[in-house]
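This report refers to the structure that appears directly beneath it.
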Amino acid sequence: MLEFEGQVVIVTGSGSPKGIGRTIAATFAGQGATVVIADINEAGIQDTVDYITSIGGKAFGIPVNITEKASVDNMVSAIMDKYGRIDVLINNAGVSQKVTVEDMTLEDIKRIFNVNMFGLFLCTQAVLEPMKKAGYGRIVSLSSVSGKRGGGIFGGAHYSASKAAVLGFSKNLAREISPYGITTNCVCPGLINTEIWKSLPKEDADKVIDGIPMGRPGETQEVANAIVFLASREASYITGEEIDINGGSHMD
Ligand code: NAD
């Protein structure tokens, strides 16, 4: 069992009841961490906090819009005032949209990049100071198989581009922050059993499953398990890495 007792872990986008973020938060809580449930959806935050409390975990909910610097800075200040530390940041909040490049507008691209890349940048930048002062930190960002092989499941070229940008950002950041005891890594999930999967028409779902050697979508717990490892003290010599979690649907 990986040990997170006494650590404070932020999980952005963890207010989605059926989403990956909630499972990530619950998994950290199960390992002893205090988890910060950071989301734009206030009702969702309360729901996740109640769930984690009901399983005996420690959770603190904070509404945040990761696309706004002031909102992100407020979140970090509130956490530092309350706990005095931020050990782990999980950049999980993300948005998608199914649209062709022909039909895409500039506003569509901006909206997707605003959350998936620029919001991720704001959250990452905001935790660097406390992590550098502590000489310790772990950052794990949700990219996607879409960022590596160019979609094919859900979402458009703007989503793939934003998730590819996350990979480059994380690797460059790894070079900057390695001297301070901070690591930064990505995970690239394939199709995961969330609302997106449930929303696919059967014909499309069957086609996707045909391309997965394991013959099934992944579970949110399977994504959380890899993330918790990358965020642990034990993963001390891994940085700038990306882990595929896709049942074999894409390998490189
Ligand atoms: P989800 O839609 O269930 O949850 C995303 C959460 O992000 C929501 O709670 C939403 O309120 C929050 N959010 C959106 N904009 C925000 C903002 N501006 N500020 C704060 N919070 C905001 O998503 P999910 O399916 O659980 O995916 C989680 C992450 O994993 C995303 O980054 C997604 O791109 C990535 N991913 C998902 C899959 C999949 O199959 N579900 C596959 C690969 C990668």
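Starting from 1 in every chain, residues are counted up; chains themselves are A, B, ... following the order of the structure tokens, and ligands are numbered from 1 as listed.
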
Please build the interface table for chain A against ligand 1 with a cut-off of 6 Å, listing for each qualifying residue the nearest atom pair and the distance in Å to one decimal; count only C-alpha atoms and all ligand atoms, order rows by chain and increasing number, and write it as JSON lines.
{"residue": "A:Gly13", "atom": "CA", "partner": "ligand 1", "partner_atom_place_in_ligand_line": "7 (O)", "distance": 3.5}
{"residue": "A:Ser14", "atom": "CA", "partner": "ligand 1", "partner_atom_place_in_ligand_line": "9 (O)", "distance": 5.5}
{"residue": "A:Gly15", "atom": "CA", "partner": "ligand 1", "partner_atom_place_in_ligand_line": "9 (O)", "distance": 4.3}
{"residue": "A:Ser16", "atom": "CA", "partner": "ligand 1", "partner_atom_place_in_ligand_line": "9 (O)", "distance": 3.7}
{"residue": "A:Lys18", "atom": "CA", "partner": "ligand 1", "partner_atom_place_in_ligand_line": "3 (O)", "distance": 5.9}
{"residue": "A:Gly19", "atom": "CA", "partner": "ligand 1", "partner_atom_place_in_ligand_line": "26 (O)", "distance": 3.3}
{"residue": "A:Ile20", "atom": "CA", "partner": "ligand 1", "partner_atom_place_in_ligand_line": "26 (O)", "distance": 3.8}
{"residue": "A:Gly21", "atom": "CA", "partner": "ligand 1", "partner_atom_place_in_ligand_line": "26 (O)", "distance": 5.6}
{"residue": "A:Asp39", "atom": "CA", "partner": "ligand 1", "partner_atom_place_in_ligand_line": "21 (N)", "distance": 3.9}
{"residue": "A:Ile40", "atom": "CA", "partner": "ligand 1", "partner_atom_place_in_ligand_line": "20 (C)", "distance": 4.1}
{"residue": "A:Asn41", "atom": "CA", "partner": "ligand 1", "partner_atom_place_in_ligand_line": "11 (O)", "distance": 4.8}
{"residue": "A:Val64", "atom": "CA", "partner": "ligand 1", "partner_atom_place_in_ligand_line": "20 (C)", "distance": 5.4}
{"residue": "A:Asn65", "atom": "CA", "partner": "ligand 1", "partner_atom_place_in_ligand_line": "19 (N)", "distance": 3.6}
{"residue": "A:Ile66", "atom": "CA", "partner": "ligand 1", "partner_atom_place_in_ligand_line": "19 (N)", "distance": 4.1}
{"residue": "A:Thr67", "atom": "CA", "partner": "ligand 1", "partner_atom_place_in_ligand_line": "18 (N)", "distance": 5.1}
{"residue": "A:Asn92", "atom": "CA", "partner": "ligand 1", "partner_atom_place_in_ligand_line": "32 (O)", "distance": 4.6}
{"residue": "A:Ala93", "atom": "CA", "partner": "ligand 1", "partner_atom_place_in_ligand_line": "7 (O)", "distance": 3.7}
{"residue": "A:Gly94", "atom": "CA", "partner": "ligand 1", "partner_atom_place_in_ligand_line": "32 (O)", "distance": 3.5}
{"residue": "A:Val95", "atom": "CA", "partner": "ligand 1", "partner_atom_place_in_ligand_line": "14 (C)", "distance": 5.7}
{"residue": "A:Val115", "atom": "CA", "partner": "ligand 1", "partner_atom_place_in_ligand_line": "18 (N)", "distance": 5.3}
{"residue": "A:Leu142", "atom": "CA", "partner": "ligand 1", "partner_atom_place_in_ligand_line": "32 (O)", "distance": 5.1}
{"residue": "A:Ser143", "atom": "CA", "partner": "ligand 1", "partner_atom_place_in_ligand_line": "44 (C)", "distance": 5.8}
{"residue": "A:Ser144", "atom": "CA", "partner": "ligand 1", "partner_atom_place_in_ligand_line": "44 (C)", "distance": 4.2}
{"residue": "A:Pro189", "atom": "CA", "partner": "ligand 1", "partner_atom_place_in_ligand_line": "43 (C)", "distance": 4.2}
{"residue": "A:Gly190", "atom": "CA", "partner": "ligand 1", "partner_atom_place_in_ligand_line": "42 (C)", "distance": 5.0}
{"residue": "A:Leu191", "atom": "CA", "partner": "ligand 1", "partner_atom_place_in_ligand_line": "40 (O)", "distance": 4.1}
{"residue": "A:Ile192", "atom": "CA", "partner": "ligand 1", "partner_atom_place_in_ligand_line": "40 (O)", "distance": 3.7}
{"residue": "A:Thr194", "atom": "CA", "partner": "ligand 1", "partner_atom_place_in_ligand_line": "41 (N)", "distance": 5.2}
{"residue": "A:Ile196", "atom": "CA", "partner": "ligand 1", "partner_atom_place_in_ligand_line": "41 (N)", "distance": 5.8}

Keeping only C-alpha atoms, write the selected residues to a file as a JSON list (two decimals), in the first residue's frame.
[["chain", "number", "residue", "atom", "x", "y", "z"],
["A", 13, "GLY", "CA", -12.47, 18.19, -11.93],
["A", 14, "SER", "CA", -13.29, 15.73, -9.13],
["A", 15, "GLY", "CA", -16.88, 16.92, -8.78],
["A", 16, "SER", "CA", -18.21, 14.75, -11.60],
["A", 18, "LYS", "CA", -19.33, 9.28, -12.63],
["A", 19, "GLY", "CA", -16.01, 10.80, -13.64],
["A", 20, "ILE", "CA", -12.39, 9.70, -13.32],
["A", 21, "GLY", "CA", -11.59, 12.54, -10.88],
["A", 39, "ASP", "CA", -14.34, 21.79, -9.47],
["A", 40, "ILE", "CA", -16.47, 24.42, -11.15],
["A", 41, "ASN", "CA", -19.58, 22.36, -10.32],
["A", 64, "VAL", "CA", -12.69, 26.82, -8.70],
["A", 65, "ASN", "CA", -12.74, 27.85, -12.32],
["A", 66, "ILE", "CA", -9.33, 26.70, -13.50],
["A", 67, "THR", "CA", -9.47, 29.03, -16.52],
["A", 92, "ASN", "CA", -7.84, 16.08, -14.18],
["A", 93, "ALA", "CA", -10.41, 18.73, -15.19],
["A", 94, "GLY", "CA", -11.06, 18.52, -18.91],
["A", 95, "VAL", "CA", -13.68, 19.19, -21.56],
["A", 115, "VAL", "CA", -9.64, 24.30, -19.80],
["A", 142, "LEU", "CA", -4.52, 13.69, -17.61],
["A", 143, "SER", "CA", -3.63, 13.59, -21.27],
["A", 144, "SER", "CA", -5.39, 11.07, -23.49],
["A", 189, "PRO", "CA", -6.25, 6.86, -20.85],
["A", 190, "GLY", "CA", -8.03, 5.23, -23.76],
["A", 191, "LEU", "CA", -11.76, 4.63, -23.58],
["A", 192, "ILE", "CA", -12.86, 4.65, -19.94],
["A", 194, "THR", "CA", -17.64, 7.02, -17.86],
["A", 196, "ILE", "CA", -18.73, 9.41, -22.59]]

- Message: DSSP on the backbone: which residues in segment 43-232 of chain A end up as strand (DSSP E)? Give the answer as JSON, numbers by chain.
- Response: {"A": [58, 59, 60, 61, 62, 63, 88, 89, 90, 91, 137, 138, 139, 140, 141, 142, 182, 183, 184, 185, 186, 187, 188, 189]}

Store the residues picked out above, limited to N, CA and C atoms, as a short mmCIF file (atom, residue, chain, number, x, y, z; two decimals), in the first residue's frame.
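Written output follows (part_35.cif):
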data_model
loop_
_atom_site.label_atom_id
_atom_site.label_comp_id
_atom_site.auth_asym_id
_atom_site.auth_seq_id
_atom_site.Cartn_x
_atom_site.Cartn_y
_atom_site.Cartn_z
N LYS A 58 -10.80 11.88 4.22
CA LYS A 58 -10.78 13.31 4.56
C LYS A 58 -10.82 14.11 3.25
N ALA A 59 -11.85 14.97 3.12
CA ALA A 59 -11.99 15.75 1.88
C ALA A 59 -12.37 17.18 2.21
N PHE A 60 -11.86 18.09 1.36
CA PHE A 60 -12.13 19.52 1.52
C PHE A 60 -12.54 20.04 0.14
N GLY A 61 -13.75 20.59 0.05
CA GLY A 61 -14.24 21.04 -1.26
C GLY A 61 -13.97 22.51 -1.51
N ILE A 62 -13.52 22.83 -2.70
CA ILE A 62 -13.30 24.24 -3.09
C ILE A 62 -13.80 24.46 -4.51
N PRO A 63 -14.75 25.41 -4.67
CA PRO A 63 -15.16 25.75 -6.04
C PRO A 63 -14.03 26.51 -6.74
N VAL A 88 0.57 17.14 -3.72
CA VAL A 88 0.26 16.53 -5.02
C VAL A 88 -0.80 17.37 -5.74
N LEU A 89 -0.59 17.57 -7.04
CA LEU A 89 -1.63 18.17 -7.89
C LEU A 89 -1.98 17.17 -8.98
N ILE A 90 -3.25 16.83 -9.09
CA ILE A 90 -3.71 16.01 -10.21
C ILE A 90 -4.54 16.91 -11.13
N ASN A 91 -3.99 17.16 -12.32
CA ASN A 91 -4.68 17.98 -13.33
C ASN A 91 -5.64 17.09 -14.11
N GLY A 137 7.24 17.57 -4.40
CA GLY A 137 5.93 17.70 -5.05
C GLY A 137 5.76 16.66 -6.13
N ARG A 138 4.50 16.36 -6.40
CA ARG A 138 4.15 15.43 -7.47
C ARG A 138 3.01 16.05 -8.28
N ILE A 139 3.20 16.12 -9.60
CA ILE A 139 2.15 16.64 -10.48
C ILE A 139 1.84 15.54 -11.50
N VAL A 140 0.58 15.18 -11.61
CA VAL A 140 0.19 14.19 -12.63
C VAL A 140 -0.95 14.80 -13.45
N SER A 141 -0.78 14.78 -14.77
CA SER A 141 -1.78 15.40 -15.66
C SER A 141 -2.45 14.36 -16.53
N LEU A 142 -3.75 14.58 -16.74
CA LEU A 142 -4.52 13.69 -17.61
C LEU A 142 -4.38 14.16 -19.05
N ILE A 182 10.55 17.91 -7.37
CA ILE A 182 9.18 17.83 -7.89
C ILE A 182 9.21 17.00 -9.18
N THR A 183 8.28 16.07 -9.29
CA THR A 183 8.17 15.31 -10.54
C THR A 183 6.87 15.69 -11.24
N THR A 184 6.85 15.52 -12.56
CA THR A 184 5.62 15.76 -13.33
C THR A 184 5.48 14.68 -14.40
N ASN A 185 4.35 14.04 -14.40
CA ASN A 185 4.10 12.94 -15.33
C ASN A 185 2.68 13.02 -15.87
N CYS A 186 2.43 12.25 -16.94
CA CYS A 186 1.10 12.23 -17.53
C CYS A 186 0.57 10.80 -17.60
N VAL A 187 -0.74 10.68 -17.63
CA VAL A 187 -1.34 9.41 -18.01
C VAL A 187 -2.18 9.66 -19.27
N CYS A 188 -2.24 8.63 -20.11
CA CYS A 188 -2.98 8.73 -21.38
C CYS A 188 -4.04 7.63 -21.41
N PRO A 189 -5.21 7.89 -20.81
CA PRO A 189 -6.25 6.86 -20.85
C PRO A 189 -6.82 6.70 -22.26
#

- Item | Nearest to Val36 of chain A, chosen from A:Ser54, A:Ser170, A:Gln7, A:Asn193, with only C-alpha atoms counted in the distances |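 The shortest atom-to-atom distance to Val36 of chain A comes from A:Gln7.
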
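In this model, the gap between atom CA of Ala25 of chain A and atom CA of Glu129 of chain A comes to 22.9 Å.
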
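For the atom pair formed by atom CA of Gly30 of chain A and atom CA of Ile245 of chain A, the distance is 21.5 Å, given to one decimal.
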
- Message: Give me the residues near Gln125 of chain A as a list in words, where near means some atom within 10 Å (using only C-alpha atoms) and where sequence neighbours in that chain fewer than 4 positions away do not count.
- Response: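 So the residues in contact are Lys69, Val72, Asp73, Gly119, Leu120, Phe121 and Glu129 of chain A.
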
Save the residues we just selected, N, CA and C atoms, as a short mmCIF file (atom, residue, chain, number, x, y, z; two decimals), in the first residue's frame?
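The result, written out as result.cif:
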data_model
loop_
_atom_site.label_atom_id
_atom_site.label_comp_id
_atom_site.auth_asym_id
_atom_site.auth_seq_id
_atom_site.Cartn_x
_atom_site.Cartn_y
_atom_site.Cartn_z
N LYS A 69 -7.16 32.90 -13.44
CA LYS A 69 -5.98 32.92 -12.54
C LYS A 69 -6.38 33.27 -11.10
N VAL A 72 -7.89 30.31 -9.33
CA VAL A 72 -6.88 29.28 -9.02
C VAL A 72 -5.99 29.76 -7.86
N ASP A 73 -5.59 31.02 -7.89
CA ASP A 73 -4.75 31.56 -6.80
C ASP A 73 -5.51 31.51 -5.47
N GLY A 119 -5.89 26.16 -18.38
CA GLY A 119 -6.29 25.95 -16.98
C GLY A 119 -5.29 25.04 -16.27
N LEU A 120 -4.85 24.03 -16.99
CA LEU A 120 -3.83 23.11 -16.44
C LEU A 120 -2.54 23.88 -16.13
N PHE A 121 -2.20 24.80 -17.03
CA PHE A 121 -1.01 25.65 -16.80
C PHE A 121 -1.19 26.49 -15.53
N GLU A 129 5.33 27.23 -6.26
CA GLU A 129 5.99 27.91 -5.14
C GLU A 129 5.93 27.09 -3.85
#

- Message: For the structure I just gave you, how does DSSP split segment 45-222 of chain A - specifically, which residues are helix (DSSP H, G or I)? Reply as number ranges by chain.
- Response: A: 45-54, 69-83, 106-134, 145-149, 157-180, 195-199, 202-210, 220-222

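Residue nearest Lys98 of chain A within the list A:Gly6, A:Gly156, A:Pro201, A:Gly44: A:Gly156 [criterion: smallest interatomic distance, only C-alpha atoms].
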
- Message: At a cut-off of 8 Å, using only C-alpha atoms, what residues contact segment 145-148 of chain A? Leave out same-chain residues fewer than 5 positions from it and give the result as a VMD selection string.
- Response: chain A and resid 153 159 to 165 188 to 190 244 246 250

- From the list A:Met1, A:Ile109, A:Val166, A:Ala224, which residue is nearest Glu241 of chain A when using only C-alpha atoms?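 The shortest atom-to-atom distance to Glu241 of chain A comes from A:Val166.
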
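Put simply, atom CA of Gly248 of chain A is 18.6 Å away from atom CA of Asp204 of chain A.
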
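With only C-alpha atoms as the atoms that count, the minimum distance from Glu102 of chain A to the choices A:Val76, A:Gln46, A:His158, A:Val208 is reached by A:His158.
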